[in-house]
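**Q** Before anything else, here's the structure in question.
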Amino acid sequence: MKKLSARRRHPLAAVVVLLLALAATGGLYAAFAPAGKAQADETAQSLAIDEGKKLYSVGCASCHGSGGQGTTDGPSLVGVGSAAVDFQVGTGRMPAQQPGAQVPKKKVIYNQAEIDQLAAYVASLGAGPITPTKSQVDPSGADVAKGGDLFRTNCAQCHNFTGKGGALTNGKYAPDLEGVSPKHIYEAMQTGPQSMPSFPDSTMPEQEKKDIIAYIKTVNGDESEDPGGLSLGGLGPVSEGLFGWIFGLGGLIAIAVWVAAHTAKAKKS
């Protein structure tokens, strides 16, 4: 019998074997690497929640309850989300010094890492608005003119035309927005702190929030000018009218008195 001749390998066989090996390696990476990363992220989040719970127990539980359920001294935090915590604690409004009509902005007592941990714990109590990213609050390239229209329509009633703030009822007030960071302005629109209504993305999309932030930063920036020399236009018609009555009418009365006095002297002489 003739010996069977050895099968000759196809020239592309080595290439196929190499591709299969690479595919197997890639499959292993896809199977294990993302899972490892997800596990690491989950572990970091769990640690943040644990640390946040410790901070919460010391600085917040006395008013908001041991589980965030709220008490007679503070509202429930279930469902407020991480954005509300980042705003309230990041602006120094919380922890509050004492109850009142409105909690004022004051010196921040927590660093950003601790604020993030507190936010992680409160967020774990129930889904709510999430702390925005840098790209979400960056007003670069935003439409300042459109932001002005949106601000005058939705915000000027309380904050006045350029965000100078104003008085509300029952001892409350709309704060001055000059110097407030874009992130905190965005979070205030998201969460509606204190007397302010909330503007979720379903009501006011992310781009419109950026436009409003750009407008506030522009009208309160160093390059912004007041043609009249005073910023009364940013405070609205009430302040302008009050200025007119006090100084305008007061000046006219003073002139009338001066004219009358000098007329009387002229007649006597």
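Residue numbering restarts at 1 in every chain; chains get A, B, ... in the order shown in the structure tokens, and ligands count up from 1 in that same order.
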DSSP on the backbone: which residues in region 9-214 of chain A end up as alpha helix (DSSP H)? Give the answer as a ChimeraX atom specification.

**A** /A:13-59,61-64,81-90,112-124,134-137,144-154,156-159,182-191,206-214

**Q** Can you work out which one of A:His262, A:Phe87, A:Gln98, A:Lys183 has the shortest atom-to-atom distance to Ser135 (chain A), counting only C-alpha atoms?

**A**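 Checking each of A:His262, A:Phe87, A:Gln98, A:Lys183 against Ser135 (chain A), counting only C-alpha atoms, the winner is A:Lys183.
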
**Q** Leaving out region 204-221 of chain A and any residue of its chain fewer than 2 positions from it, which residues lie within 9 Å of it when counting only C-alpha atoms, given as a PyMOL selection string?

**A** chain A and resi 136-151+162-163+177-180+182+185-186+189+199-202+223-225

**Q** Which residue is closest to Gly100 (chain A)? Choose from A:Ser181, A:Ala119, A:Ala83, A:Gln194 and count only C-alpha atoms.

**A**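 Checking each candidate against Gly100 (chain A), we get A:Gln194 as the closest.
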
**Q** Just list the residues in region 118-265 of chain A DSSP gives strand (DSSP E or B) on the backbone, as a list in words.

**A**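 Residues meeting the strand (DSSP E or B) criterion: Gly166, Ala167, Tyr173 and Ala174 of chain A.
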
**Q** Quick one: distance from CA of Gly52 (chain A) to CA of Ala120 (chain A) in Å, one decimal?

**A**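 Separation of CA of Gly52 (chain A) and CA of Ala120 (chain A): 6.6 Å.
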
**Q** To one decimal place in Å, what is the distance between CA of Met94 (chain A) and CA of Ala44 (chain A)?

**A** 25.0 Å

**Q** I need the residue nearest Thr91 (chain A) from this list: A:Ile115, A:Leu77, A:Ala254, A:Ala40. Use only C-alpha atoms for the distance.

**A**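 Smallest separation from Thr91 (chain A) among the options: A:Ile115.
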
**Q** At a cut-off of 12 Å, using only C-alpha atoms, what residues contact Glu114 (chain A)? Leave out same-chain residues fewer than 5 positions from it and give the result as a PyMOL selection string.

**A** chain A and resi 47-56+59+85-86+89-90+108-109+119-121

**Q** Go ahead and compute the interatomic distance for CA of Gly81 (chain A) and CA of Pro104 (chain A), in Å to one decimal.

**A**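 Taking CA of Gly81 (chain A) as the start and CA of Pro104 (chain A) as the end point, the length is 20.8 Å.
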
**Q** Mind dumping a table of every region 157-236 of chain A residue within 12 Å of region 125-128 of chain A, with the nearest atom pair and its distance in Å to one decimal, using only C-alpha atoms, sorted by chain and rising number, as CSV?

**A**
residue,atom,partner,partner_atom,distance
A:Glu187,CA,A:Gly128,CA,11.7
A:Gln190,CA,A:Gly128,CA,9.8
A:Thr191,CA,A:Gly128,CA,8.9
A:Pro200,CA,A:Gly128,CA,10.6

**Q** Find, counting only C-alpha atoms, the residue in A:Pro95, A:Pro132, A:Gly248, A:Pro197 that gets nearest to Ser62 (chain A).

**A**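 Answer, going by the shortest atom-to-atom distance: A:Pro95.
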